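Student: This is final-v1.cif (mmCIF, C-alpha atoms).
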```
data_structure
loop_
_atom_site.label_atom_id
_atom_site.label_comp_id
_atom_site.auth_asym_id
_atom_site.auth_seq_id
_atom_site.Cartn_x
_atom_site.Cartn_y
_atom_site.Cartn_z
CA MET O 1 89.54 109.16 100.74
CA ARG O 2 87.51 109.72 97.59
CA ILE O 3 88.63 111.93 94.71
CA SER O 4 86.31 114.70 95.95
CA GLN O 5 88.07 114.72 99.33
CA LEU O 6 91.47 114.53 97.69
CA SER O 7 90.46 117.59 95.67
CA ALA O 8 89.20 119.44 98.75
CA ARG O 9 92.28 118.68 100.83
CA SER O 10 94.81 119.41 98.06
CA GLY O 11 93.06 122.40 96.53
CA VAL O 12 93.47 120.78 93.09
CA ALA O 13 90.31 120.61 90.96
CA ILE O 14 88.93 117.12 90.14
CA PRO O 15 89.42 117.44 86.34
CA THR O 16 93.05 118.42 86.99
CA ILE O 17 93.55 115.39 89.25
CA LYS O 18 92.07 113.19 86.50
CA TYR O 19 94.47 114.74 84.01
CA TYR O 20 97.44 113.96 86.30
CA LEU O 21 96.17 110.36 86.62
CA ARG O 22 95.92 109.98 82.82
CA GLU O 23 99.41 111.45 82.38
CA SER O 24 100.77 109.11 85.09
CA LEU O 25 102.05 112.03 87.11
CA LEU O 26 99.80 110.83 89.92
CA HIS O 27 99.69 107.13 90.77
CA GLN O 28 96.34 105.35 90.60
CA GLY O 29 94.27 104.91 93.75
CA VAL O 30 92.96 101.55 94.91
CA GLN O 31 89.99 100.74 92.67
CA LEU O 32 86.97 99.92 94.88
CA ALA O 33 84.41 99.81 92.07
CA ALA O 34 84.29 100.77 88.40
CA THR O 35 83.84 104.44 89.20
CA ARG O 36 85.23 104.60 92.73
CA ALA O 37 88.83 104.68 93.84
CA GLU O 38 90.40 105.23 97.22
CA TYR O 39 93.27 107.71 97.65
CA ASP O 40 95.62 108.25 100.59
CA GLU O 41 98.28 110.56 102.00
CA SER O 42 100.76 109.52 99.29
CA HIS O 43 98.43 111.05 96.70
CA LEU O 44 98.23 114.27 98.67
CA ARG O 45 102.02 114.41 98.88
CA ARG O 46 102.37 113.76 95.17
CA LEU O 47 99.88 116.52 94.33
CA ARG O 48 101.87 118.93 96.51
CA LEU O 49 105.03 117.99 94.62
CA ILE O 50 103.37 118.41 91.21
CA ARG O 51 102.13 121.87 92.18
CA ALA O 52 105.56 122.84 93.48
CA LEU O 53 107.20 121.76 90.22
CA LEU O 54 104.51 123.42 88.13
CA GLU O 55 103.80 126.68 89.96
CA VAL O 56 107.07 127.46 91.68
CA GLY O 57 109.54 125.54 89.50
CA LYS O 58 107.64 126.59 86.33
CA LEU O 59 108.54 123.23 84.78
CA PRO O 60 106.73 121.97 81.69
CA VAL O 61 104.75 118.72 82.07
CA ALA O 62 107.41 116.71 80.20
CA ALA O 63 110.05 117.77 82.74
CA ILE O 64 107.70 117.05 85.63
CA LYS O 65 107.25 113.53 84.24
CA LYS O 66 110.99 112.95 84.38
CA VAL O 67 111.18 114.17 87.96
CA ILE O 68 108.25 111.94 88.97
CA GLU O 69 109.94 108.95 87.32
CA ALA O 70 113.04 109.64 89.40
CA VAL O 71 110.90 109.88 92.54
CA GLU O 72 109.20 106.56 91.74
CA ASP O 73 112.42 104.73 90.90
CA GLU O 74 113.34 103.62 94.42
CA SER O 75 116.60 102.12 93.13
CA LEU O 76 117.81 105.64 92.28
CA PRO O 77 119.81 107.11 95.18
CA VAL O 78 118.32 110.21 96.82
CA HIS O 79 121.19 112.41 95.58
CA ASP O 80 120.52 111.44 91.95
CA MET O 81 116.79 111.89 92.40
CA LEU O 82 117.35 115.39 93.75
CA GLY O 83 119.81 116.01 90.92
CA THR O 84 117.18 115.17 88.31
CA ALA O 85 114.86 117.83 89.71
CA HIS O 86 117.71 120.27 90.32
CA TYR O 87 118.95 120.06 86.73
CA ALA O 88 115.40 120.42 85.41
CA LEU O 89 115.20 123.81 87.16
CA SER O 90 118.19 125.17 85.23
CA THR O 91 117.89 126.98 81.94
CA PRO O 92 119.89 124.98 79.40
CA VAL O 93 122.92 126.91 78.16
CA GLU O 94 124.62 126.24 74.86
CA THR O 95 128.29 126.02 75.65
CA GLY O 96 130.38 127.96 73.22
CA GLN O 97 133.76 127.35 71.66
CA GLY O 98 136.87 129.45 71.44
CA ALA O 99 139.45 130.90 73.78
CA ASP O 100 136.94 132.93 75.85
CA TRP O 101 134.93 129.85 76.70
CA GLU O 102 137.99 127.76 77.45
CA LEU O 103 139.23 130.42 79.82
CA ALA O 104 135.83 130.63 81.50
CA ARG O 105 135.58 126.86 81.86
CA ASP O 106 139.07 126.76 83.39
CA GLN O 107 138.01 129.47 85.81
CA VAL O 108 134.92 127.48 86.82
CA GLU O 109 137.15 124.44 87.46
CA ALA O 110 139.57 126.50 89.52
CA LEU O 111 136.75 127.98 91.57
CA LEU O 112 135.18 124.57 92.23
CA ALA O 113 138.58 123.28 93.38
CA ALA O 114 139.20 126.34 95.57
CA MET O 115 135.78 125.96 97.19
CA ASP O 116 136.23 122.19 97.47
CA TRP O 117 132.90 121.72 95.71
CA HIS O 118 132.31 118.38 94.05
CA VAL O 119 129.95 118.77 91.14
CA ASP O 120 129.04 116.41 88.29
CA GLU O 121 130.58 117.19 84.88
CA ARG O 122 127.09 117.42 83.40
CA ALA O 123 125.73 119.93 85.92
CA PRO O 124 124.05 122.69 83.88
CA SER O 125 125.14 125.33 86.40
CA ARG O 126 128.75 124.85 85.26
CA ALA O 127 127.79 126.07 81.78
CA GLU O 128 125.58 128.81 83.23
CA LEU O 129 128.46 130.14 85.28
CA ALA O 130 130.91 129.86 82.37
CA GLN O 131 128.51 131.77 80.12
CA THR O 132 128.18 134.54 82.69
CA LEU O 133 131.97 134.76 83.05
CA VAL O 134 132.36 135.00 79.25
CA LYS O 135 129.84 137.83 79.20
CA LEU O 136 131.49 139.65 82.15
CA ARG O 137 134.90 139.50 80.50
CA GLU O 138 133.53 140.59 77.13
CA LEU O 139 131.95 143.63 78.78
CA GLY O 140 135.05 144.53 80.75
CA LEU O 141 133.69 143.65 84.21
CA SER O 142 135.55 141.75 86.88
CA THR O 143 135.23 137.97 86.58
CA ASP O 144 136.30 137.43 90.17
CA VAL O 145 133.19 135.93 91.73
CA THR O 146 134.92 134.43 94.77
CA ALA O 147 132.95 136.60 97.22
CA TYR O 148 129.70 135.35 95.68
CA ALA O 149 130.88 131.75 95.89
CA ARG O 150 131.71 132.17 99.59
CA ALA O 151 128.32 133.75 100.31
CA ALA O 152 126.55 130.95 98.42
CA ASP O 153 128.54 128.33 100.32
CA THR O 154 127.66 129.78 103.71
CA LEU O 155 123.96 130.09 102.92
CA VAL O 156 123.70 126.60 101.48
CA VAL O 157 125.74 124.82 104.14
CA GLU O 158 124.43 126.67 107.18
CA GLN O 159 120.84 127.18 106.16
CA GLU O 160 119.38 125.70 103.01
CA MET O 161 120.37 122.07 103.32
CA ASP O 162 118.83 121.82 106.77
CA THR O 163 115.41 122.50 105.29
CA ILE O 164 115.47 119.30 103.20
CA PRO O 165 113.92 116.27 104.97
CA PHE O 166 116.26 113.55 103.69
CA ASP O 167 114.65 110.92 105.90
CA GLY O 168 111.02 111.35 104.89
CA PRO O 169 109.20 110.25 101.75
CA ARG O 170 111.11 110.89 98.50
CA GLU O 171 108.46 113.38 97.34
CA ALA O 172 108.98 115.55 100.41
CA ALA O 173 112.74 115.87 99.83
CA VAL O 174 112.28 116.83 96.17
CA GLU O 175 109.52 119.28 97.03
CA ALA O 176 111.59 121.03 99.71
CA MET O 177 114.62 121.20 97.42
CA VAL O 178 112.65 122.71 94.53
CA LEU O 179 110.78 125.23 96.68
CA GLY O 180 113.93 126.25 98.53
CA THR O 181 116.05 126.59 95.41
CA VAL O 182 113.52 128.74 93.60
CA LEU O 183 112.00 130.78 96.43
CA TYR O 184 115.14 131.59 98.44
CA GLY O 185 116.76 132.46 95.09
CA LYS O 186 113.97 134.94 94.44
CA ALA O 187 114.21 136.28 97.99
CA PHE O 188 117.95 136.83 97.64
CA ASP O 189 117.49 138.61 94.33
CA ALA O 190 114.94 141.02 95.81
CA LEU O 191 117.11 141.57 98.91
CA ARG O 192 120.15 142.32 96.77
CA ARG O 193 118.21 144.97 94.87
CA LEU O 194 116.98 146.54 98.08
CA ALA O 195 120.55 146.63 99.38
CA GLN O 196 121.73 148.18 96.09
CA GLU O 197 119.14 150.94 96.23
CA SER O 198 119.93 151.73 99.85
CA GLU O 199 123.68 151.74 99.32
CA SER O 200 123.38 153.87 96.18
CA ALA O 201 121.34 156.42 98.14
CA ARG O 202 123.86 156.37 100.98
CA ARG O 203 126.90 156.88 98.76
CA LEU O 204 125.33 159.55 96.59
CA ALA O 205 123.84 161.42 99.55
CA ASN O 206 127.25 161.47 101.23
CA ARG O 207 128.78 162.90 98.09
CA ALA O 208 126.18 165.65 97.89
CA THR O 209 127.00 166.99 101.35
CA MET C 210 133.70 159.58 62.87
CA ARG C 211 131.27 158.53 60.17
CA ILE C 212 128.40 156.13 60.71
CA SER C 213 130.42 153.31 59.10
CA GLN C 214 133.19 153.78 61.67
CA LEU C 215 130.69 154.05 64.48
CA SER C 216 129.28 150.74 63.30
CA ALA C 217 132.71 149.11 63.07
CA ARG C 218 133.83 150.33 66.50
CA SER C 219 130.56 149.52 68.29
CA GLY C 220 129.79 146.25 66.50
CA VAL C 221 126.27 147.54 65.85
CA ALA C 222 125.03 147.23 62.23
CA ILE C 223 124.34 150.49 60.36
CA PRO C 224 120.59 149.80 59.87
CA THR C 225 120.31 149.20 63.62
CA ILE C 226 122.12 152.47 64.37
CA LYS C 227 119.70 154.25 62.02
CA TYR C 228 116.78 152.64 63.82
CA TYR C 229 118.11 153.88 67.19
CA LEU C 230 118.48 157.38 65.69
CA ARG C 231 114.89 157.36 64.42
CA GLU C 232 113.62 156.11 67.81
CA SER C 233 115.67 158.84 69.57
CA LEU C 234 117.50 156.23 71.62
CA LEU C 235 120.70 157.55 70.07
CA HIS C 236 121.25 161.30 69.82
CA GLN C 237 121.85 162.78 66.37
CA GLY C 238 125.39 163.41 65.15
CA VAL C 239 126.59 166.76 63.84
CA GLN C 240 125.17 167.09 60.34
CA LEU C 241 128.04 167.89 57.91
CA ALA C 242 126.02 167.52 54.71
CA ALA C 243 122.58 166.18 53.74
CA THR C 244 123.79 162.57 53.89
CA ARG C 245 126.80 162.89 56.17
CA ALA C 246 126.92 163.22 59.93
CA GLU C 247 129.79 163.14 62.38
CA TYR C 248 129.64 160.96 65.50
CA ASP C 249 131.86 160.91 68.57
CA GLU C 250 132.68 158.98 71.73
CA SER C 251 129.34 159.92 73.30
CA HIS C 252 127.59 157.94 70.56
CA LEU C 253 129.79 154.94 71.20
CA ARG C 254 129.00 155.13 74.91
CA ARG C 255 125.30 155.40 74.21
CA LEU C 256 125.36 152.38 71.89
CA ARG C 257 127.13 150.37 74.61
CA LEU C 258 124.39 151.35 77.05
CA ILE C 259 121.59 150.46 74.63
CA ARG C 260 123.12 147.02 74.06
CA ALA C 261 123.54 146.46 77.78
CA LEU C 262 119.88 147.32 78.40
CA LEU C 263 118.72 145.24 75.45
CA GLU C 264 120.93 142.15 75.59
CA VAL C 265 121.76 141.81 79.26
CA GLY C 266 118.85 143.68 80.87
CA LYS C 267 116.40 142.16 78.32
CA LEU C 268 114.40 145.40 78.44
CA PRO C 269 111.82 146.19 75.77
CA VAL C 270 112.46 149.29 73.64
CA ALA C 271 109.79 151.30 75.50
CA ALA C 272 111.60 150.72 78.81
CA ILE C 273 114.96 151.55 77.20
CA LYS C 274 113.48 154.87 76.06
CA LYS C 275 112.55 155.76 79.62
CA VAL C 276 116.03 154.93 80.86
CA ILE C 277 117.62 157.00 78.09
CA GLU C 278 115.35 159.93 78.96
CA ALA C 279 116.56 159.70 82.56
CA VAL C 280 120.17 159.63 81.33
CA GLU C 281 119.60 162.70 79.15
CA ASP C 282 117.78 164.70 81.83
CA GLU C 283 120.82 166.23 83.52
CA SER C 284 118.59 167.83 86.17
CA LEU C 285 117.74 164.37 87.47
CA PRO C 286 120.11 163.36 90.30
CA VAL C 287 122.32 160.33 89.59
CA HIS C 288 120.55 158.25 92.26
CA ASP C 289 117.16 158.79 90.57
CA MET C 290 118.61 158.09 87.15
CA LEU C 291 120.03 154.80 88.41
CA GLY C 292 116.71 154.09 90.12
CA THR C 293 114.83 154.44 86.82
CA ALA C 294 117.02 151.76 85.23
CA HIS C 295 117.04 149.64 88.39
CA TYR C 296 113.24 149.57 88.64
CA ALA C 297 112.94 148.79 84.91
CA LEU C 298 114.95 145.61 85.52
CA SER C 299 112.41 144.29 88.04
CA THR C 300 109.47 142.13 87.10
CA PRO C 301 106.33 144.00 88.17
CA VAL C 302 104.50 142.19 90.97
CA GLU C 303 100.81 142.65 91.67
CA THR C 304 100.58 143.22 95.39
CA GLY C 305 97.82 141.21 96.99
CA GLN C 306 95.41 141.95 99.78
CA GLY C 307 94.53 140.07 102.93
CA ALA C 308 96.21 139.08 106.16
CA ASP C 309 99.03 137.11 104.50
CA TRP C 310 100.12 140.08 102.47
CA GLU C 311 99.88 142.48 105.37
CA LEU C 312 102.04 140.19 107.46
CA ALA C 313 104.57 139.89 104.64
CA ARG C 314 104.68 143.65 104.10
CA ASP C 315 105.24 144.19 107.82
CA GLN C 316 108.04 141.67 107.70
CA VAL C 317 109.67 143.51 104.79
CA GLU C 318 109.44 146.77 106.77
CA ALA C 319 110.96 145.13 109.85
CA LEU C 320 113.80 143.67 107.81
CA LEU C 321 114.56 147.00 106.11
CA ALA C 322 114.68 148.64 109.54
CA ALA C 323 116.85 145.90 111.02
CA MET C 324 119.29 146.16 108.10
CA ASP C 325 119.15 149.97 108.21
CA TRP C 326 118.29 149.99 104.53
CA HIS C 327 116.59 153.08 103.17
CA VAL C 328 114.44 152.20 100.20
CA ASP C 329 111.77 154.16 98.36
CA GLU C 330 108.15 153.16 99.03
CA ARG C 331 107.67 152.49 95.32
CA ALA C 332 110.65 150.15 94.92
CA PRO C 333 109.35 147.07 93.07
CA SER C 334 111.68 144.80 95.05
CA ARG C 335 109.60 145.45 98.18
CA ALA C 336 106.60 143.80 96.51
CA GLU C 337 108.80 141.06 95.04
CA LEU C 338 110.12 140.18 98.47
CA ALA C 339 106.65 140.36 100.05
CA GLN C 340 105.29 138.03 97.36
CA THR C 341 108.06 135.52 98.00
CA LEU C 342 107.41 135.65 101.76
CA VAL C 343 103.68 135.05 101.18
CA LYS C 344 104.54 132.04 99.04
CA LEU C 345 107.07 130.68 101.57
CA ARG C 346 104.57 130.91 104.41
CA GLU C 347 101.78 129.37 102.32
CA LEU C 348 104.04 126.41 101.56
CA GLY C 349 105.18 125.97 105.13
CA LEU C 350 108.78 127.10 104.62
CA SER C 351 110.72 129.41 106.90
CA THR C 352 110.20 133.09 106.13
CA ASP C 353 113.32 134.10 108.02
CA VAL C 354 115.53 135.50 105.27
CA THR C 355 117.87 137.44 107.55
CA ALA C 356 120.91 135.40 106.52
CA TYR C 357 120.20 136.21 102.87
CA ALA C 358 119.81 139.90 103.68
CA ARG C 359 123.17 139.94 105.46
CA ALA C 360 124.88 138.17 102.57
CA ALA C 361 123.33 140.61 100.08
CA ASP C 362 124.40 143.56 102.19
CA THR C 363 128.01 142.40 102.39
CA LEU C 364 128.26 141.72 98.65
CA VAL C 365 126.66 145.01 97.68
CA VAL C 366 128.54 147.22 100.13
CA GLU C 367 131.96 145.59 99.86
CA GLN C 368 131.97 144.70 96.21
CA GLU C 369 129.21 145.72 93.83
CA MET C 370 128.95 149.42 94.50
CA ASP C 371 132.66 149.92 93.87
CA THR C 372 132.21 148.82 90.26
CA ILE C 373 129.92 151.76 89.45
CA PRO C 374 131.79 154.82 88.13
CA PHE C 375 129.71 157.57 89.74
CA ASP C 376 132.08 160.29 88.52
CA GLY C 377 132.11 159.46 84.81
CA PRO C 378 129.50 160.08 82.12
CA ARG C 379 125.92 159.28 83.18
CA GLU C 380 125.71 156.48 80.60
CA ALA C 381 128.67 154.69 82.12
CA ALA C 382 127.14 154.61 85.61
CA VAL C 383 123.83 153.24 84.32
CA GLU C 384 125.58 150.68 82.15
CA ALA C 385 127.75 149.39 85.01
CA MET C 386 124.75 149.21 87.36
CA VAL C 387 122.62 147.26 84.86
CA LEU C 388 125.39 144.84 83.89
CA GLY C 389 126.41 144.28 87.50
CA THR C 390 122.87 143.78 88.77
CA VAL C 391 121.97 141.24 86.10
CA LEU C 392 125.25 139.40 85.58
CA TYR C 393 126.42 139.06 89.19
CA GLY C 394 122.85 137.98 89.99
CA LYS C 395 123.15 135.22 87.39
CA ALA C 396 126.60 134.28 88.67
CA PHE C 397 125.32 134.01 92.24
CA ASP C 398 122.41 131.86 91.13
CA ALA C 399 124.71 129.43 89.31
CA LEU C 400 127.14 129.38 92.25
CA ARG C 401 124.35 128.66 94.70
CA ARG C 402 123.24 125.68 92.63
CA LEU C 403 126.79 124.37 92.43
CA ALA C 404 127.08 124.70 96.22
CA GLN C 405 123.75 122.91 96.66
CA GLU C 406 124.79 119.98 94.50
CA SER C 407 128.11 119.64 96.26
CA GLU C 408 126.60 119.87 99.74
CA SER C 409 123.84 117.41 98.86
CA ALA C 410 126.49 114.92 97.68
CA ARG C 411 128.53 115.46 100.83
CA ARG C 412 125.63 114.96 103.21
CA LEU C 413 124.18 111.95 101.43
CA ALA C 414 127.57 110.30 100.97
CA ASN C 415 128.27 110.72 104.68
CA ARG C 416 124.97 109.09 105.50
CA ALA C 417 125.69 106.13 103.22
CA THR C 418 128.89 105.23 105.07
#
```
Could you write out this file's structure as structure tokens?

Tutor:
Amino acid sequence: MRISQLSARSGVAIPTIKYYLRESLLHQGVQLAATRAEYDESHLRRLRLIRALLEVGKLPVAAIKKVIEAVEDESLPVHDMLGTAHYALSTPVETGQGADWELARDQVEALLAAMDWHVDERAPSRAELAQTLVKLRELGLSTDVTAYARAADTLVVEQEMDTIPFDGPREAAVEAMVLGTVLYGKAFDALRRLAQESESARRLANRAT
Amino acid sequence: MRISQLSARSGVAIPTIKYYLRESLLHQGVQLAATRAEYDESHLRRLRLIRALLEVGKLPVAAIKKVIEAVEDESLPVHDMLGTAHYALSTPVETGQGADWELARDQVEALLAAMDWHVDERAPSRAELAQTLVKLRELGLSTDVTAYARAADTLVVEQEMDTIPFDGPREAAVEAMVLGTVLYGKAFDALRRLAQESESARRLANRAT
């Protein structure tokens, strides 16, 4: 298809497609003449992935480039490719020093072992969790997050992972992982707040009677 | 206690305390002389709440003012006071029009009914959830979030609500609700990502063998 059709089918404006081509986020089409190139389904898939990373993942272009490189590097195993995108979605956390942080890091280790979760040392979510535990302890709240870990495990194992097409094109797996991570995270957050409001009403109404 | 002691015990700098006094976020102490006022435990509690709203809730000062007004208005039932703070923590969502949005709103209603959750019409989390459902459908992902709703319900009912001291000072209830909502939300998000990484490794390693 021509660039005009690619634009129509993807919903991405032609100047934006040209920008992605210049930035090497989108691979070149087959050049038919000086001003005419032919695009195919792989370009459509790539555009879908770019939009997912940009609009749902809210990643900056530099981070999107890294993810695309991982997608294009066929020698990179699927797990590492997904990891590149997964880590890009995390907010970087500066790990602190001191006894509080050591305690929190030990607690993260213990929890990972208890859950039998195998997670890379460099995973940013380790530091995110440790930071949250430091904050909880500092503020006098319970740092026992076992119930949350169990809930996360059930949702991920029984539901989320099944939505990732591991056997299709690499783009499709990354896209599904990014969309699922971000959107089901948002959904859970909204649902938790709805449950909180309802339960607060229930408990306080019961007390009033 | 004097302002210097209040500063030492709260960890809040004296100029910051004076700023909170001028902005009426912190109630005045008992004036002992033109330049000397006496503060008590209620001021310490209030400073803790302000910091929780500011540092953990990331609320702007205007929103903190509204929450403080709700705390100070003793005629406002506890549930409504908590609701004021709870709603302030949500990102406002512009609700859209059209068939997609209507479908999503109906789905939110159906889910609330199925979960037996009673939630105010104005709750911002309704629109947040509807927006996420619109996005999920648009991107071809499953909009069935029942499993997430059940997990949220269990965590909130069995764990989170018990951490809120409904019988203590109004500040303490708001503080615990804000800290719990934000920090356990962050913890769950990190835990979910750890579970995802582990499960992705497990599935892809199994496939490789």

Student: So which residues get picked by the PyMOL selection byres ((chain O and resi 114-131) around 8) here, written as a PyMOL selection string?

Tutor: (chain O and resi 87+90-95+101+104-105+107-108+110-113+132-135+149-150) or (chain C and resi 395-396+399-400+402-404+406-408+410)

Student: Only C-alpha atoms, please: the residues just picked out, written as a PDB file, keeping the file's coordinate frame.

Tutor:
```pdb
ATOM      1  CA  TYR O  87     118.950 120.060  86.730  1.00  0.00           C
ATOM      2  CA  SER O  90     118.190 125.170  85.230  1.00  0.00           C
ATOM      3  CA  THR O  91     117.890 126.980  81.940  1.00  0.00           C
ATOM      4  CA  PRO O  92     119.890 124.980  79.400  1.00  0.00           C
ATOM      5  CA  VAL O  93     122.920 126.910  78.160  1.00  0.00           C
ATOM      6  CA  GLU O  94     124.620 126.240  74.860  1.00  0.00           C
ATOM      7  CA  THR O  95     128.290 126.020  75.650  1.00  0.00           C
ATOM      8  CA  TRP O 101     134.930 129.850  76.700  1.00  0.00           C
ATOM      9  CA  ALA O 104     135.830 130.630  81.500  1.00  0.00           C
ATOM     10  CA  ARG O 105     135.580 126.860  81.860  1.00  0.00           C
ATOM     11  CA  GLN O 107     138.010 129.470  85.810  1.00  0.00           C
ATOM     12  CA  VAL O 108     134.920 127.480  86.820  1.00  0.00           C
ATOM     13  CA  ALA O 110     139.570 126.500  89.520  1.00  0.00           C
ATOM     14  CA  LEU O 111     136.750 127.980  91.570  1.00  0.00           C
ATOM     15  CA  LEU O 112     135.180 124.570  92.230  1.00  0.00           C
ATOM     16  CA  ALA O 113     138.580 123.280  93.380  1.00  0.00           C
ATOM     17  CA  THR O 132     128.180 134.540  82.690  1.00  0.00           C
ATOM     18  CA  LEU O 133     131.970 134.760  83.050  1.00  0.00           C
ATOM     19  CA  VAL O 134     132.360 135.000  79.250  1.00  0.00           C
ATOM     20  CA  LYS O 135     129.840 137.830  79.200  1.00  0.00           C
ATOM     21  CA  ALA O 149     130.880 131.750  95.890  1.00  0.00           C
ATOM     22  CA  ARG O 150     131.710 132.170  99.590  1.00  0.00           C
TER      23      ARG O 150
ATOM     24  CA  LYS C 395     123.150 135.220  87.390  1.00  0.00           C
ATOM     25  CA  ALA C 396     126.600 134.280  88.670  1.00  0.00           C
ATOM     26  CA  ALA C 399     124.710 129.430  89.310  1.00  0.00           C
ATOM     27  CA  LEU C 400     127.140 129.380  92.250  1.00  0.00           C
ATOM     28  CA  ARG C 402     123.240 125.680  92.630  1.00  0.00           C
ATOM     29  CA  LEU C 403     126.790 124.370  92.430  1.00  0.00           C
ATOM     30  CA  ALA C 404     127.080 124.700  96.220  1.00  0.00           C
ATOM     31  CA  GLU C 406     124.790 119.980  94.500  1.00  0.00           C
ATOM     32  CA  SER C 407     128.110 119.640  96.260  1.00  0.00           C
ATOM     33  CA  GLU C 408     126.600 119.870  99.740  1.00  0.00           C
ATOM     34  CA  ALA C 410     126.490 114.920  97.680  1.00  0.00           C
TER      35      ALA C 410
END
```

Student: Grab the CA of Leu388 (chain C) to CA of Ala360 (chain C) distance for me, in Å with one decimal place.

Tutor: 19.8 Å

Student: Please identify all polymer residues within 10 Å of region 10-27 of chain O, counting all atoms listed in the file, omitting same-chain residues fewer than 5 positions from it, and present them as an mmCIF file with C-alpha atoms, in the coordinates of the input.

Tutor:
```cif
data_model
loop_
_atom_site.group_PDB
_atom_site.id
_atom_site.type_symbol
_atom_site.label_atom_id
_atom_site.label_comp_id
_atom_site.auth_asym_id
_atom_site.auth_seq_id
_atom_site.Cartn_x
_atom_site.Cartn_y
_atom_site.Cartn_z
ATOM 1 C CA ILE O 3 88.630 111.930 94.710
ATOM 2 C CA SER O 4 86.310 114.700 95.950
ATOM 3 C CA GLN O 5 88.070 114.720 99.330
ATOM 4 C CA TYR O 39 93.270 107.710 97.650
ATOM 5 C CA SER O 42 100.760 109.520 99.290
ATOM 6 C CA HIS O 43 98.430 111.050 96.700
ATOM 7 C CA LEU O 44 98.230 114.270 98.670
ATOM 8 C CA ARG O 45 102.020 114.410 98.880
ATOM 9 C CA ARG O 46 102.370 113.760 95.170
ATOM 10 C CA LEU O 47 99.880 116.520 94.330
ATOM 11 C CA ARG O 48 101.870 118.930 96.510
ATOM 12 C CA ILE O 50 103.370 118.410 91.210
ATOM 13 C CA ARG O 51 102.130 121.870 92.180
ATOM 14 C CA VAL O 61 104.750 118.720 82.070
ATOM 15 C CA ALA O 62 107.410 116.710 80.200
ATOM 16 C CA ILE O 64 107.700 117.050 85.630
ATOM 17 C CA LYS O 65 107.250 113.530 84.240
ATOM 18 C CA LYS O 66 110.990 112.950 84.380
ATOM 19 C CA VAL O 67 111.180 114.170 87.960
ATOM 20 C CA ILE O 68 108.250 111.940 88.970
ATOM 21 C CA GLU O 69 109.940 108.950 87.320
ATOM 22 C CA GLU O 72 109.200 106.560 91.740
#
```

Student: Which of these residues is nearest to chain C, using only C-alpha atoms: O:Ala33, O:Ala88, O:Ala176, O:Leu103?

Tutor: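 Going through O:Ala33, O:Ala88, O:Ala176, O:Leu103 one by one, the smallest distance to chain C is for O:Ala176.
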
Student: Using all atoms listed in the file, which residue out of C:Gly377, C:Gly292, C:Gly238, C:Gly307 lies closest to chain O?

Tutor: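 Smallest distance to chain O is found for C:Gly292.
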
Student: What's the separation between CA of Val366 (chain C) and CA of Ala205 (chain O), in Å to one decimal place?

Tutor: 15.0 Å

Student: Near Val239 (chain C), within 10 Å and counting all atoms listed in the file, which residues show up once chain neighbours fewer than 5 positions away are dropped, as a ChimeraX atom specification?

Tutor: /C:245-249

Student: Write the residues you've just listed into a file as a CSV table (one decimal), in the coordinates of the input, and include C-alpha atoms for each of them.

Tutor:
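To be explicit, this is the file written out as result.csv:
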```
chain,number,residue,atom,x,y,z
C,245,ARG,CA,126.8,162.9,56.2
C,246,ALA,CA,126.9,163.2,59.9
C,247,GLU,CA,129.8,163.1,62.4
C,248,TYR,CA,129.6,161.0,65.5
C,249,ASP,CA,131.9,160.9,68.6
```

Student: Between CA of Gly96 (chain O) and CA of Gly389 (chain C), what is the distance in Å, rounded to a tenth?

Tutor: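 Pair CA of Gly96 (chain O) / CA of Gly389 (chain C) returns 22.0 Å.
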
Student: Starting from the shown file, work through the PyMOL selection byres ((chain O and resi 80) around 10) and note down what comes out as a PDB file with C-alpha atoms, in the frame of the given file.

Tutor:
```
ATOM      1  CA  ALA O  70     113.040 109.640  89.400  1.00  0.00           C
ATOM      2  CA  VAL O  71     110.900 109.880  92.540  1.00  0.00           C
ATOM      3  CA  LEU O  76     117.810 105.640  92.280  1.00  0.00           C
ATOM      4  CA  PRO O  77     119.810 107.110  95.180  1.00  0.00           C
ATOM      5  CA  VAL O  78     118.320 110.210  96.820  1.00  0.00           C
ATOM      6  CA  HIS O  79     121.190 112.410  95.580  1.00  0.00           C
ATOM      7  CA  MET O  81     116.790 111.890  92.400  1.00  0.00           C
ATOM      8  CA  LEU O  82     117.350 115.390  93.750  1.00  0.00           C
ATOM      9  CA  GLY O  83     119.810 116.010  90.920  1.00  0.00           C
ATOM     10  CA  THR O  84     117.180 115.170  88.310  1.00  0.00           C
ATOM     11  CA  ALA O  85     114.860 117.830  89.710  1.00  0.00           C
ATOM     12  CA  HIS O  86     117.710 120.270  90.320  1.00  0.00           C
TER      13      HIS O  86
ATOM     14  CA  GLU C 406     124.790 119.980  94.500  1.00  0.00           C
ATOM     15  CA  SER C 409     123.840 117.410  98.860  1.00  0.00           C
ATOM     16  CA  ALA C 410     126.490 114.920  97.680  1.00  0.00           C
TER      17      ALA C 410
END
```

Student: Measuring atom to atom with only C-alpha atoms, identify which of O:Asp100, O:Leu183, O:Glu171, O:Val156 is nearest to Leu345 (chain C).

Tutor: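 Closest residue, counting only C-alpha atoms: O:Leu183.
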
Student: Quick one: axis-aligned box around all listed atoms of region 242-249 of chain C, 6 Å on every side, centre and edge lengths in Å to one decimal, written as JSON.

Tutor:
```
{"center_x": 127.2, "center_y": 164.2, "center_z": 61.2, "size_x": 21.3, "size_y": 18.6, "size_z": 26.8}
```
